[in-house]
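Notes follow once the structure below has been shown.
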Amino acid sequence: MLNYALLVHGAPYSHQAALSALRFADTVVTSGHRLVSVFFYHDGVHNASALMSPPQDEVHLAEGWQRLHQDYGTQLLVCIAAGLRRGLLSADEANRHGLASHNVEAPFELTGIGQLVDAMLNNDRLITFAP
Amino acid sequence: MTSVHVSDIEPQDVLIVLRHPPHGSHWLREGIDVALVAAAFGQRVGLLFQGDGVYALLEGQQSGALGQKGTHPQLAMLEMYDIDSLWVSAAALSERGLSVDELMLPVKPLSAEAVAELIQAQPHTLIF
């Protein structure tokens, strides 16, 4: 059994990267490995939007990530610096910036790049999915 | 241009590969951010400039017509973070008519074979 972490750079639906990452993630956990965390960076932060509303006959990426957390305890980490400038904010951050609404909710967590470094150093594999 | 010998390559904890120019996207800035944070966490960080990433090394990458900040100030901070293992693809430079003398940082040019060996020698590589 190996411990995996994923780094997702691709925005949902714009590129194949996010869907490939989710498919890889599903394969990791169903193959008996552990998916410790997914770090969303660059345009990948949009995967965390609670407002994501794809047509019903398409894969719902945000729900896919949440399912990994619910079923396997995978941490869903969103880079706060990359998220804030792209409009991905938790209730706390929205409050801090005086904004009326937010779109990042648990189990997604806004966090720093240090968590990416941590994921790289403390898992057997860190796999990047970029457009 | 003489390229560095592979045996001169000191392995790092993390190699960050930068392949995008300083303007037109946020790739370069966000790649350098990871390098700085990893160094702040006590990791030995090496940088490899490949493809259009070599443009980041030209002097004077300030904000310009595109309204982006530019990466010159970020690159100027590398020394403060003890990031001094800097490599550049010799082919990427010559394809763009550039030479190491024109660059703002002391980078070591690598042949294509040496680039492959550099990446092989690192425990972790992140590509931006």
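To be explicit about the labels: the chains of the structure tokens are called A, B, and onward in the order shown, and within each one the residues are counted from 1, while ligands get numbers from 1 in the order they are shown.
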
Which residues of chain B sit at most 8 Å from chain A, using only C-alpha atoms? Give each one's shortest atom pair and distance in Å (one decimal place), in chain and ascending residue order, as a Markdown table.
```
| residue | atom | partner | partner_atom | distance |
| --- | --- | --- | --- | --- |
| B:His26 | CA | A:His42 | CA | 7.5 |
| B:Trp27 | CA | A:His42 | CA | 7.3 |
| B:Glu30 | CA | A:His42 | CA | 6.9 |
| B:Val34 | CA | A:Ile113 | CA | 6.4 |
| B:Val37 | CA | A:Gly114 | CA | 6.3 |
| B:Ala38 | CA | A:Val117 | CA | 5.9 |
| B:Phe41 | CA | A:Gly114 | CA | 7.4 |
| B:His124 | CA | A:Met120 | CA | 7.4 |
| B:Leu126 | CA | A:Thr128 | CA | 7.6 |
```

Region 60-70 of chain A: which residues within 12 Å, counting only C-alpha atoms, same-chain residues fewer than 4 positions away excluded, as a PyMOL selection string?
chain A and resi 6+8+10-14+16-30+34-40+44-56+74-78+103-109

Please give the complete set of residues from chain A that DSSP, run on the backbone, assigns to strand (DSSP E), formatted as a VMD selection string.
chain A and resid 3 to 8 34 to 40 75 to 79 108 to 111 125 to 129

Between CA of Gly64 (chain B) and CA of Ile80 (chain A), what is the spacing in Å?
25.9 Å

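The space between CA of Gly51 (chain B) and CA of Ile16 (chain B) spans 13.6 Å.
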
Going by DSSP on the backbone, which residues of chain B come out as helix (DSSP H, G or I)? List them as a ChimeraX atom specification.
/B:6-8,27-40,51-57,72-76,79-81,90-95,100-102,112-121

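Counting from CA of Leu110 (chain A), the distance to CA of Ser25 (chain B) is 22.2 Å.
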
Spatial neighbours of Leu93 (chain B), max dist 7 Å, only C-alpha atoms, sep filter under 5 positions, as number ranges by chain:
B: 54, 98-99

Take the residues from that selection and write them out as a CSV table (one decimal), in the first residue's frame, keeping N, CA and C atoms.
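What follows is the written file selection12.csv:
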```csv
chain,number,residue,atom,x,y,z
B,54,VAL,N,12.8,30.5,-19.9
B,54,VAL,CA,14.1,31.2,-19.9
B,54,VAL,C,13.9,32.7,-20.0
B,98,LEU,N,19.4,33.6,-27.2
B,98,LEU,CA,19.9,34.2,-25.9
B,98,LEU,C,21.2,33.5,-25.5
B,99,SER,N,21.9,34.2,-24.6
B,99,SER,CA,23.1,33.6,-24.0
B,99,SER,C,23.1,33.8,-22.5
```

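In this comparison, which uses only C-alpha atoms, the residue of B:Gly46, B:Gly67, B:Pro22, B:Leu36 approaching Ala121 (chain B) most closely is B:Gly46.
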